[in-house]
file structure25.cif (mmCIF, N, CA and C atoms and all ligand atoms)
data_target
#
loop_
_atom_site.label_atom_id
_atom_site.label_comp_id
_atom_site.auth_asym_id
_atom_site.auth_seq_id
_atom_site.Cartn_x
_atom_site.Cartn_y
_atom_site.Cartn_z
N MET N 1 -79.73 127.95 98.12
CA MET N 1 -79.90 129.40 98.10
C MET N 1 -80.27 129.91 96.71
N ALA N 2 -79.71 129.25 95.70
CA ALA N 2 -79.97 129.68 94.33
C ALA N 2 -81.47 129.63 94.04
N LYS N 3 -82.12 128.60 94.56
CA LYS N 3 -83.54 128.42 94.30
C LYS N 3 -84.35 129.57 94.91
N ARG N 4 -83.95 129.95 96.12
CA ARG N 4 -84.66 131.01 96.81
C ARG N 4 -84.54 132.33 96.04
N ASN N 5 -83.32 132.55 95.55
CA ASN N 5 -83.06 133.74 94.76
C ASN N 5 -83.95 133.76 93.52
N PHE N 6 -84.07 132.59 92.90
CA PHE N 6 -84.90 132.46 91.71
C PHE N 6 -86.34 132.84 92.02
N SER N 7 -86.88 132.32 93.14
CA SER N 7 -88.28 132.58 93.42
C SER N 7 -88.51 134.03 93.85
N SER N 8 -87.51 134.66 94.46
CA SER N 8 -87.72 136.06 94.83
C SER N 8 -87.73 136.94 93.58
N LYS N 9 -86.94 136.57 92.58
CA LYS N 9 -86.98 137.30 91.30
C LYS N 9 -88.35 137.13 90.66
N ARG N 10 -88.81 135.89 90.69
CA ARG N 10 -90.11 135.56 90.13
C ARG N 10 -91.21 136.42 90.77
N ASN N 11 -91.17 136.50 92.12
CA ASN N 11 -92.15 137.32 92.82
C ASN N 11 -92.03 138.79 92.45
N ALA N 12 -90.79 139.27 92.36
CA ALA N 12 -90.57 140.68 92.03
C ALA N 12 -91.15 140.99 90.65
N ILE N 13 -90.96 140.07 89.71
CA ILE N 13 -91.47 140.28 88.34
C ILE N 13 -93.00 140.31 88.35
N TYR N 14 -93.58 139.35 89.06
CA TYR N 14 -95.05 139.31 89.13
C TYR N 14 -95.61 140.56 89.82
N ASN N 15 -94.97 140.96 90.93
CA ASN N 15 -95.44 142.14 91.65
C ASN N 15 -95.32 143.40 90.81
N ALA N 16 -94.26 143.47 90.00
CA ALA N 16 -94.08 144.66 89.14
C ALA N 16 -95.22 144.75 88.13
N VAL N 17 -95.60 143.59 87.55
CA VAL N 17 -96.70 143.59 86.57
C VAL N 17 -98.00 144.05 87.25
N CYS N 18 -98.22 143.57 88.49
CA CYS N 18 -99.46 143.88 89.19
C CYS N 18 -99.46 145.28 89.82
N SER N 19 -98.28 145.90 89.91
CA SER N 19 -98.18 147.18 90.61
C SER N 19 -98.63 148.35 89.73
N THR N 20 -98.89 148.08 88.47
CA THR N 20 -99.22 149.18 87.56
C THR N 20 -100.46 148.82 86.74
N ASP N 21 -101.19 149.85 86.31
CA ASP N 21 -102.32 149.57 85.41
C ASP N 21 -101.99 150.06 84.00
N THR N 22 -100.69 150.20 83.72
CA THR N 22 -100.28 150.68 82.39
C THR N 22 -100.09 149.54 81.39
N HIS N 23 -100.33 148.29 81.83
CA HIS N 23 -100.17 147.14 80.94
C HIS N 23 -98.77 147.12 80.34
N PRO N 24 -97.78 146.88 81.18
CA PRO N 24 -96.38 147.05 80.76
C PRO N 24 -95.90 145.98 79.79
N SER N 25 -94.75 146.26 79.18
CA SER N 25 -94.03 145.27 78.38
C SER N 25 -92.99 144.60 79.27
N ALA N 26 -92.43 143.48 78.81
CA ALA N 26 -91.38 142.80 79.57
C ALA N 26 -90.19 143.74 79.79
N ARG N 27 -89.89 144.54 78.77
CA ARG N 27 -88.78 145.47 78.86
C ARG N 27 -88.99 146.50 79.99
N TRP N 28 -90.25 146.96 80.13
CA TRP N 28 -90.57 147.91 81.19
C TRP N 28 -90.32 147.25 82.55
N VAL N 29 -90.76 146.00 82.69
CA VAL N 29 -90.58 145.27 83.95
C VAL N 29 -89.08 145.15 84.25
N TYR N 30 -88.33 144.81 83.22
CA TYR N 30 -86.87 144.67 83.36
C TYR N 30 -86.25 145.99 83.82
N GLU N 31 -86.59 147.08 83.15
CA GLU N 31 -85.99 148.38 83.47
C GLU N 31 -86.41 148.87 84.85
N THR N 32 -87.63 148.51 85.26
CA THR N 32 -88.12 148.92 86.58
C THR N 32 -87.40 148.17 87.70
N LEU N 33 -87.14 146.88 87.48
CA LEU N 33 -86.55 146.05 88.54
C LEU N 33 -85.03 146.06 88.56
N LYS N 34 -84.43 146.37 87.43
CA LYS N 34 -82.97 146.29 87.29
C LYS N 34 -82.22 147.04 88.40
N PRO N 35 -82.61 148.26 88.77
CA PRO N 35 -81.86 148.97 89.82
C PRO N 35 -81.85 148.22 91.16
N SER N 36 -82.94 147.52 91.49
CA SER N 36 -82.98 146.82 92.77
C SER N 36 -82.51 145.37 92.65
N ILE N 37 -82.49 144.81 91.44
CA ILE N 37 -81.99 143.45 91.21
C ILE N 37 -80.93 143.52 90.12
N PRO N 38 -79.69 143.89 90.48
CA PRO N 38 -78.67 144.15 89.45
C PRO N 38 -78.35 142.96 88.56
N ASP N 39 -78.52 141.72 89.06
CA ASP N 39 -78.17 140.57 88.21
C ASP N 39 -79.36 140.04 87.42
N LEU N 40 -80.42 140.82 87.34
CA LEU N 40 -81.59 140.42 86.56
C LEU N 40 -81.29 140.54 85.07
N SER N 41 -81.70 139.52 84.30
CA SER N 41 -81.51 139.62 82.85
C SER N 41 -82.88 139.72 82.16
N LEU N 42 -82.85 140.31 80.98
CA LEU N 42 -84.10 140.46 80.22
C LEU N 42 -84.68 139.08 79.90
N GLY N 43 -83.79 138.11 79.65
CA GLY N 43 -84.24 136.75 79.37
C GLY N 43 -85.01 136.15 80.52
N THR N 44 -84.57 136.42 81.76
CA THR N 44 -85.27 135.92 82.95
C THR N 44 -86.67 136.52 83.02
N VAL N 45 -86.76 137.80 82.70
CA VAL N 45 -88.07 138.46 82.73
C VAL N 45 -89.00 137.83 81.70
N TYR N 46 -88.50 137.65 80.47
CA TYR N 46 -89.32 137.03 79.42
C TYR N 46 -89.76 135.62 79.82
N ARG N 47 -88.81 134.85 80.37
CA ARG N 47 -89.11 133.47 80.75
C ARG N 47 -90.20 133.40 81.81
N ASN N 48 -90.08 134.27 82.82
CA ASN N 48 -91.07 134.25 83.90
C ASN N 48 -92.43 134.73 83.43
N ILE N 49 -92.42 135.74 82.56
CA ILE N 49 -93.70 136.24 82.05
C ILE N 49 -94.38 135.14 81.23
N ALA N 50 -93.59 134.37 80.46
CA ALA N 50 -94.16 133.25 79.69
C ALA N 50 -94.77 132.22 80.65
N LEU N 51 -94.11 131.99 81.78
CA LEU N 51 -94.64 131.03 82.77
C LEU N 51 -95.94 131.55 83.38
N PHE N 52 -95.96 132.82 83.76
CA PHE N 52 -97.18 133.40 84.36
C PHE N 52 -98.35 133.31 83.38
N LYS N 53 -98.02 133.49 82.10
CA LYS N 53 -99.03 133.39 81.05
C LYS N 53 -99.61 131.97 81.03
N ASP N 54 -98.72 130.98 81.03
CA ASP N 54 -99.15 129.57 81.02
C ASP N 54 -99.98 129.24 82.25
N GLU N 55 -99.61 129.84 83.38
CA GLU N 55 -100.31 129.55 84.64
C GLU N 55 -101.60 130.35 84.76
N GLY N 56 -101.85 131.24 83.80
CA GLY N 56 -103.07 132.04 83.83
C GLY N 56 -103.04 133.17 84.84
N LYS N 57 -101.83 133.53 85.30
CA LYS N 57 -101.72 134.60 86.30
C LYS N 57 -101.74 135.99 85.67
N ILE N 58 -101.34 136.04 84.42
CA ILE N 58 -101.37 137.31 83.69
C ILE N 58 -101.97 137.06 82.30
N ARG N 59 -102.37 138.15 81.66
CA ARG N 59 -102.90 138.05 80.31
C ARG N 59 -102.06 138.91 79.38
N VAL N 60 -101.94 138.47 78.13
CA VAL N 60 -101.35 139.32 77.11
C VAL N 60 -102.50 140.05 76.43
N ILE N 61 -102.43 141.37 76.41
CA ILE N 61 -103.52 142.16 75.85
C ILE N 61 -103.33 142.37 74.36
N CYS N 62 -102.15 142.80 73.97
CA CYS N 62 -101.90 143.08 72.57
C CYS N 62 -100.41 143.15 72.34
N ASN N 63 -100.03 143.36 71.11
CA ASN N 63 -98.64 143.43 70.74
C ASN N 63 -98.41 144.79 70.08
N ILE N 64 -97.58 145.62 70.71
CA ILE N 64 -97.33 146.95 70.17
C ILE N 64 -95.86 147.08 69.84
N ASN N 65 -95.57 147.40 68.59
CA ASN N 65 -94.18 147.50 68.12
C ASN N 65 -93.36 146.27 68.49
N GLY N 66 -93.96 145.10 68.36
CA GLY N 66 -93.25 143.85 68.60
C GLY N 66 -93.13 143.48 70.07
N GLU N 67 -93.72 144.27 70.97
CA GLU N 67 -93.64 143.95 72.38
C GLU N 67 -95.03 143.61 72.92
N GLU N 68 -95.11 142.47 73.60
CA GLU N 68 -96.37 142.08 74.22
C GLU N 68 -96.65 142.99 75.41
N ARG N 69 -97.91 143.44 75.51
CA ARG N 69 -98.30 144.26 76.66
C ARG N 69 -99.14 143.37 77.56
N ILE N 70 -98.76 143.31 78.84
CA ILE N 70 -99.35 142.34 79.74
C ILE N 70 -100.16 142.99 80.86
N ASP N 71 -101.06 142.20 81.42
CA ASP N 71 -102.02 142.69 82.41
C ASP N 71 -102.06 141.70 83.57
N GLY N 72 -101.89 142.20 84.80
CA GLY N 72 -102.00 141.35 85.99
C GLY N 72 -103.44 141.08 86.37
N VAL N 73 -104.38 141.82 85.74
CA VAL N 73 -105.80 141.61 86.00
C VAL N 73 -106.31 140.62 84.95
N THR N 74 -106.70 139.42 85.40
CA THR N 74 -107.06 138.38 84.43
C THR N 74 -108.56 138.27 84.18
N SER N 75 -109.37 138.98 84.99
CA SER N 75 -110.81 138.94 84.72
C SER N 75 -111.09 139.69 83.41
N PRO N 76 -112.15 139.28 82.67
CA PRO N 76 -112.37 139.89 81.36
C PRO N 76 -112.66 141.39 81.47
N HIS N 77 -111.96 142.17 80.73
CA HIS N 77 -112.27 143.59 80.60
C HIS N 77 -111.67 144.09 79.29
N SER N 78 -112.25 145.18 78.79
CA SER N 78 -111.83 145.70 77.49
C SER N 78 -110.71 146.72 77.66
N HIS N 79 -110.09 147.06 76.55
CA HIS N 79 -108.96 147.97 76.58
C HIS N 79 -109.03 149.00 75.46
N CYS N 80 -108.52 150.20 75.75
CA CYS N 80 -108.31 151.22 74.73
C CYS N 80 -106.81 151.33 74.47
N VAL N 81 -106.41 151.17 73.22
CA VAL N 81 -105.00 151.27 72.85
C VAL N 81 -104.82 152.53 72.01
N CYS N 82 -103.97 153.43 72.50
CA CYS N 82 -103.69 154.66 71.76
C CYS N 82 -102.58 154.39 70.74
N THR N 83 -102.88 154.62 69.47
CA THR N 83 -101.91 154.34 68.41
C THR N 83 -100.89 155.48 68.31
N CYS N 84 -101.09 156.51 69.13
CA CYS N 84 -100.19 157.66 69.10
C CYS N 84 -99.09 157.50 70.17
N CYS N 85 -99.48 157.26 71.43
CA CYS N 85 -98.49 157.15 72.51
C CYS N 85 -98.36 155.71 73.02
N ASN N 86 -99.09 154.77 72.41
CA ASN N 86 -99.03 153.35 72.78
C ASN N 86 -99.52 153.06 74.20
N SER N 87 -100.33 153.95 74.77
CA SER N 87 -100.88 153.67 76.09
C SER N 87 -101.99 152.62 75.97
N VAL N 88 -102.10 151.76 76.99
CA VAL N 88 -103.15 150.75 77.04
C VAL N 88 -103.95 151.01 78.32
N THR N 89 -105.24 151.30 78.17
CA THR N 89 -106.07 151.71 79.31
C THR N 89 -107.25 150.77 79.48
N ASP N 90 -107.59 150.44 80.73
CA ASP N 90 -108.74 149.59 81.00
C ASP N 90 -110.05 150.34 80.71
N VAL N 91 -111.02 149.63 80.16
CA VAL N 91 -112.37 150.16 80.02
C VAL N 91 -113.33 149.13 80.59
N ASP N 92 -114.15 149.55 81.50
CA ASP N 92 -115.11 148.63 82.09
C ASP N 92 -116.42 148.73 81.31
N ASP N 93 -116.49 147.97 80.22
CA ASP N 93 -117.70 148.06 79.39
C ASP N 93 -118.29 146.68 79.12
N ASN N 94 -118.03 145.74 80.01
CA ASN N 94 -118.53 144.39 79.74
C ASN N 94 -120.03 144.29 79.95
N ALA N 95 -120.72 143.84 78.93
CA ALA N 95 -122.17 143.74 78.96
C ALA N 95 -122.60 142.60 79.87
N GLN N 96 -123.82 142.68 80.37
CA GLN N 96 -124.28 141.74 81.38
C GLN N 96 -125.08 140.56 80.85
N ASN N 97 -125.83 140.73 79.74
CA ASN N 97 -126.64 139.61 79.25
C ASN N 97 -126.68 139.56 77.73
N SER N 98 -127.31 138.51 77.20
CA SER N 98 -127.23 138.25 75.76
C SER N 98 -127.89 139.35 74.92
N ASP N 99 -128.83 140.12 75.53
CA ASP N 99 -129.44 141.23 74.78
C ASP N 99 -128.39 142.26 74.38
N ASP N 100 -127.29 142.24 75.12
CA ASP N 100 -126.22 143.19 74.83
C ASP N 100 -125.34 142.72 73.68
N TYR N 101 -125.59 141.49 73.21
CA TYR N 101 -124.78 140.93 72.12
C TYR N 101 -125.66 140.54 70.95
N PRO N 102 -126.33 141.49 70.29
CA PRO N 102 -127.26 141.14 69.22
C PRO N 102 -126.58 140.40 68.07
N ALA N 103 -125.35 140.77 67.71
CA ALA N 103 -124.71 140.13 66.55
C ALA N 103 -124.38 138.66 66.81
N PRO N 104 -123.71 138.32 67.91
CA PRO N 104 -123.47 136.89 68.18
C PRO N 104 -124.77 136.13 68.40
N ALA N 105 -125.77 136.78 69.05
CA ALA N 105 -127.04 136.10 69.34
C ALA N 105 -127.73 135.67 68.05
N LYS N 106 -127.57 136.46 66.97
CA LYS N 106 -128.14 136.13 65.67
C LYS N 106 -127.61 134.80 65.15
N LEU N 107 -126.40 134.45 65.55
CA LEU N 107 -125.78 133.18 65.14
C LEU N 107 -126.14 132.06 66.11
N GLY N 108 -127.00 132.37 67.09
CA GLY N 108 -127.31 131.39 68.10
C GLY N 108 -126.16 131.19 69.08
N PHE N 109 -125.29 132.18 69.13
CA PHE N 109 -124.08 132.08 69.93
C PHE N 109 -124.31 132.75 71.29
N THR N 110 -124.03 132.01 72.36
CA THR N 110 -124.15 132.58 73.70
C THR N 110 -122.79 133.09 74.16
N VAL N 111 -122.73 134.39 74.41
CA VAL N 111 -121.46 134.99 74.80
C VAL N 111 -121.24 134.83 76.30
N LYS N 112 -120.09 134.30 76.67
CA LYS N 112 -119.73 134.15 78.08
C LYS N 112 -118.82 135.27 78.55
N SER N 113 -117.96 135.69 77.68
CA SER N 113 -117.10 136.82 78.00
C SER N 113 -116.63 137.43 76.70
N ARG N 114 -116.12 138.62 76.76
CA ARG N 114 -115.56 139.20 75.54
C ARG N 114 -114.33 140.00 75.91
N ASP N 115 -113.52 140.18 74.92
CA ASP N 115 -112.21 140.75 75.12
C ASP N 115 -111.97 141.71 73.97
N ILE N 116 -112.38 142.94 74.17
CA ILE N 116 -112.38 143.89 73.06
C ILE N 116 -111.23 144.88 73.20
N ILE N 117 -110.60 145.18 72.09
CA ILE N 117 -109.59 146.23 72.07
C ILE N 117 -110.06 147.33 71.13
N TYR N 118 -110.16 148.54 71.65
CA TYR N 118 -110.47 149.70 70.83
C TYR N 118 -109.15 150.39 70.48
N TYR N 119 -108.91 150.57 69.19
CA TYR N 119 -107.71 151.30 68.78
C TYR N 119 -108.10 152.73 68.42
N GLY N 120 -107.29 153.68 68.83
CA GLY N 120 -107.60 155.07 68.50
C GLY N 120 -106.62 156.02 69.15
N ILE N 121 -107.11 157.22 69.44
CA ILE N 121 -106.27 158.28 70.00
C ILE N 121 -106.78 158.62 71.39
N CYS N 122 -105.93 158.57 72.39
CA CYS N 122 -106.35 158.85 73.77
C CYS N 122 -106.60 160.34 73.96
N ALA N 123 -107.21 160.68 75.10
CA ALA N 123 -107.59 162.07 75.37
C ALA N 123 -106.38 163.00 75.37
N LYS N 124 -105.29 162.54 76.00
CA LYS N 124 -104.08 163.37 76.07
C LYS N 124 -103.53 163.67 74.69
N CYS N 125 -103.48 162.62 73.84
CA CYS N 125 -102.94 162.82 72.48
C CYS N 125 -103.87 163.68 71.65
N SER N 126 -105.18 163.54 71.85
CA SER N 126 -106.15 164.36 71.11
C SER N 126 -105.91 165.84 71.39
N GLU N 127 -105.57 166.16 72.64
CA GLU N 127 -105.31 167.55 73.03
C GLU N 127 -104.07 168.08 72.32
N ARG N 128 -103.08 167.19 72.23
CA ARG N 128 -101.78 167.59 71.64
C ARG N 128 -101.85 167.76 70.13
N LEU N 129 -102.70 166.94 69.49
CA LEU N 129 -102.74 166.95 68.03
C LEU N 129 -103.41 168.22 67.51
N PRO N 130 -102.91 168.75 66.39
CA PRO N 130 -103.57 169.93 65.80
C PRO N 130 -104.93 169.54 65.23
N HIS N 131 -105.90 170.43 65.37
CA HIS N 131 -107.24 170.12 64.87
C HIS N 131 -107.48 170.75 63.51
ZN ZN K 1 -102.12 158.69 73.48
ZN ZN K 2 -106.38 145.67 81.63
#
call {"tool": "encode", "arguments": {"input": "structure25.cif", "output": "structure tokens"}}
result
Amino acid sequence: MAKRNFSSKRNAIYNAVCSTDTHPSARWVYETLKPSIPDLSLGTVYRNIALFKDEGKIRVICNINGEERIDGVTSPHSHCVCTCCNSVTDVDDNAQNSDDYPAPAKLGFTVKSRDIIYYGICAKCSERLPH
């Protein structure tokens, strides 16, 4: 029975990561699941997330304030990271052919995928900030 319990926790953790597009931290996953899984520990969440990473089921996008932000979407896509509210948002800006990569092409480099992070201020924070 213990094994079954382990795998249901594992599924719950994976589903929590995939249920949001906010690119959560392990702590967020823990706090989200804790009410429904009272014996869940933060260590279990970290351990499972490390396993999912190794298995290629999730990606680590960036590290904000010492916390890894993870993504259940593993296909290449770019991200906008707001340095004000720490939001991580998907951007679908992946170029289609080598003409879109003049700088790497100059090195004779053929780009297969790219993983870009734009750092800045999101629209919501821009509204809030004094101009
Ligand atoms: Zn923001
Ligand atoms: Zn993403």
call {"tool": "residues_near_ligand", "arguments": {"input": "structure25.cif", "ligand": "ligand ZN 2 (chain K)", "cutoff": "7 Å", "atoms": "only C-alpha atoms and all ligand atoms", "output": "list in words"}}
result
Asp21, His23, Asp71, Val73, His77, Ser78, His79, Thr89 and Asp90 of chain N
call {"tool": "residues_near_ligand", "arguments": {"input": "structure25.cif", "ligand": "ligand ZN 1 (chain K)", "cutoff": "7 Å", "atoms": "all atoms listed in the file", "output": "number ranges by chain"}}
result
N: 81-87, 120-126
call {"tool": "atom_distance", "arguments": {"input": "structure25.cif", "atom1": "atom C of Asp100 of chain N", "atom2": "atom N of Tyr118 of chain N"}}
result
16.4 Å
call {"tool": "atom_distance", "arguments": {"input": "structure25.cif", "atom1": "atom CA of Lys112 of chain N", "atom2": "atom CA of Val17 of chain N"}}
result
26.3 Å
call {"tool": "atom_distance", "arguments": {"input": "structure25.cif", "atom1": "atom C of Ile117 of chain N", "atom2": "atom N of Lys57 of chain N"}}
result
21.4 Å
call {"tool": "residues_around", "arguments": {"input": "structure25.cif", "residues": "segment 25-33 of chain N", "least_positions_apart": "4", "cutoff": "6 Å", "atoms": "only C-alpha atoms", "output": "VMD selection string"}}
result
chain N and resid 37 42 68 to 69
call {"tool": "select_by_dssp", "arguments": {"input": "structure25.cif", "residues": "segment 7-75 of chain N", "states": "alpha helix (DSSP H)", "output": "PyMOL selection string"}}
result
chain N and resi 7-18+26-33+42-54
call {"tool": "closest_residue", "arguments": {"input": "structure25.cif", "among": "N:Asn48, N:Gly56, N:Pro35, N:Asp93", "to": "Ile13 of chain N", "atoms": "all atoms listed in the file"}}
result
N:Asn48
call {"tool": "select_by_dssp", "arguments": {"input": "structure25.cif", "residues": "segment 40-79 of chain N", "states": "strand (DSSP E)", "output": "list in words"}}
result
Arg59, Val60, Ile61, Cys62, Asn63, Ile64, Glu67, Glu68, Arg69, Ile70, Asp71, Ser78 and His79 of chain N
call {"tool": "axis_aligned_box", "arguments": {"input": "structure25.cif", "around": "segment 82-86 of chain N", "padding_each_side": "5 Å", "output": "AutoDock Vina command-line options"}}
result
--center_x -101.2 --center_y 155.4 --center_z 71.3 --size_x 15.6 --size_y 14.6 --size_z 15.9
call {"tool": "decode", "arguments": {"input": "structure25.cif", "residues": "segment 9-29 of chain N", "atoms": "N, CA and C atoms", "output": "mmCIF file, in the first residue's frame"}}
result
data_model
loop_
_atom_site.group_PDB
_atom_site.id
_atom_site.type_symbol
_atom_site.label_atom_id
_atom_site.label_comp_id
_atom_site.auth_asym_id
_atom_site.auth_seq_id
_atom_site.Cartn_x
_atom_site.Cartn_y
_atom_site.Cartn_z
ATOM 1 N N LYS N 9 1.012 10.347 -4.841
ATOM 2 C CA LYS N 9 1.615 11.653 -4.525
ATOM 3 C C LYS N 9 2.379 12.170 -5.732
ATOM 4 N N ARG N 10 3.134 11.255 -6.323
ATOM 5 C CA ARG N 10 3.923 11.580 -7.505
ATOM 6 C C ARG N 10 3.023 12.147 -8.615
ATOM 7 N N ASN N 11 1.887 11.459 -8.849
ATOM 8 C CA ASN N 11 0.950 11.936 -9.866
ATOM 9 C C ASN N 11 0.372 13.292 -9.501
ATOM 10 N N ALA N 12 0.031 13.461 -8.232
ATOM 11 C CA ALA N 12 -0.554 14.730 -7.785
ATOM 12 C C ALA N 12 0.429 15.874 -8.014
ATOM 13 N N ILE N 13 1.709 15.619 -7.738
ATOM 14 C CA ILE N 13 2.737 16.657 -7.912
ATOM 15 C C ILE N 13 2.878 17.008 -9.397
ATOM 16 N N TYR N 14 2.933 15.965 -10.215
ATOM 17 C CA TYR N 14 3.066 16.205 -11.659
ATOM 18 C C TYR N 14 1.846 16.955 -12.213
ATOM 19 N N ASN N 15 0.646 16.512 -11.784
ATOM 20 C CA ASN N 15 -0.573 17.165 -12.262
ATOM 21 C C ASN N 15 -0.647 18.623 -11.828
ATOM 22 N N ALA N 16 -0.159 18.899 -10.614
ATOM 23 C CA ALA N 16 -0.181 20.287 -10.127
ATOM 24 C C ALA N 16 0.702 21.170 -11.005
ATOM 25 N N VAL N 17 1.882 20.644 -11.375
ATOM 26 C CA VAL N 17 2.792 21.422 -12.232
ATOM 27 C C VAL N 17 2.126 21.697 -13.587
ATOM 28 N N CYS N 18 1.433 20.669 -14.120
ATOM 29 C CA CYS N 18 0.830 20.795 -15.447
ATOM 30 C C CYS N 18 -0.495 21.568 -15.422
ATOM 31 N N SER N 19 -1.064 21.760 -14.226
ATOM 32 C CA SER N 19 -2.387 22.381 -14.142
ATOM 33 C C SER N 19 -2.319 23.903 -14.254
ATOM 34 N N THR N 20 -1.122 24.448 -14.265
ATOM 35 C CA THR N 20 -0.996 25.907 -14.267
ATOM 36 C C THR N 20 0.003 26.341 -15.337
ATOM 37 N N ASP N 21 -0.169 27.567 -15.832
ATOM 38 C CA ASP N 21 0.838 28.085 -16.767
ATOM 39 C C ASP N 21 1.652 29.191 -16.092
ATOM 40 N N THR N 22 1.650 29.173 -14.753
ATOM 41 C CA THR N 22 2.389 30.210 -14.019
ATOM 42 C C THR N 22 3.835 29.809 -13.741
ATOM 43 N N HIS N 23 4.247 28.620 -14.214
ATOM 44 C CA HIS N 23 5.616 28.153 -13.997
ATOM 45 C C HIS N 23 5.954 28.178 -12.508
ATOM 46 N N PRO N 24 5.312 27.299 -11.750
ATOM 47 C CA PRO N 24 5.395 27.373 -10.291
ATOM 48 C C PRO N 24 6.748 26.946 -9.728
ATOM 49 N N SER N 25 6.944 27.255 -8.454
ATOM 50 C CA SER N 25 8.094 26.755 -7.699
ATOM 51 C C SER N 25 7.650 25.501 -6.950
ATOM 52 N N ALA N 26 8.616 24.736 -6.433
ATOM 53 C CA ALA N 26 8.292 23.539 -5.652
ATOM 54 C C ALA N 26 7.431 23.917 -4.445
ATOM 55 N N ARG N 27 7.744 25.061 -3.846
ATOM 56 C CA ARG N 27 7.002 25.513 -2.680
ATOM 57 C C ARG N 27 5.524 25.759 -3.018
ATOM 58 N N TRP N 28 5.274 26.326 -4.211
ATOM 59 C CA TRP N 28 3.903 26.558 -4.651
ATOM 60 C C TRP N 28 3.172 25.225 -4.772
ATOM 61 N N VAL N 29 3.837 24.241 -5.370
ATOM 62 C CA VAL N 29 3.240 22.912 -5.541
ATOM 63 C C VAL N 29 2.902 22.329 -4.169
#
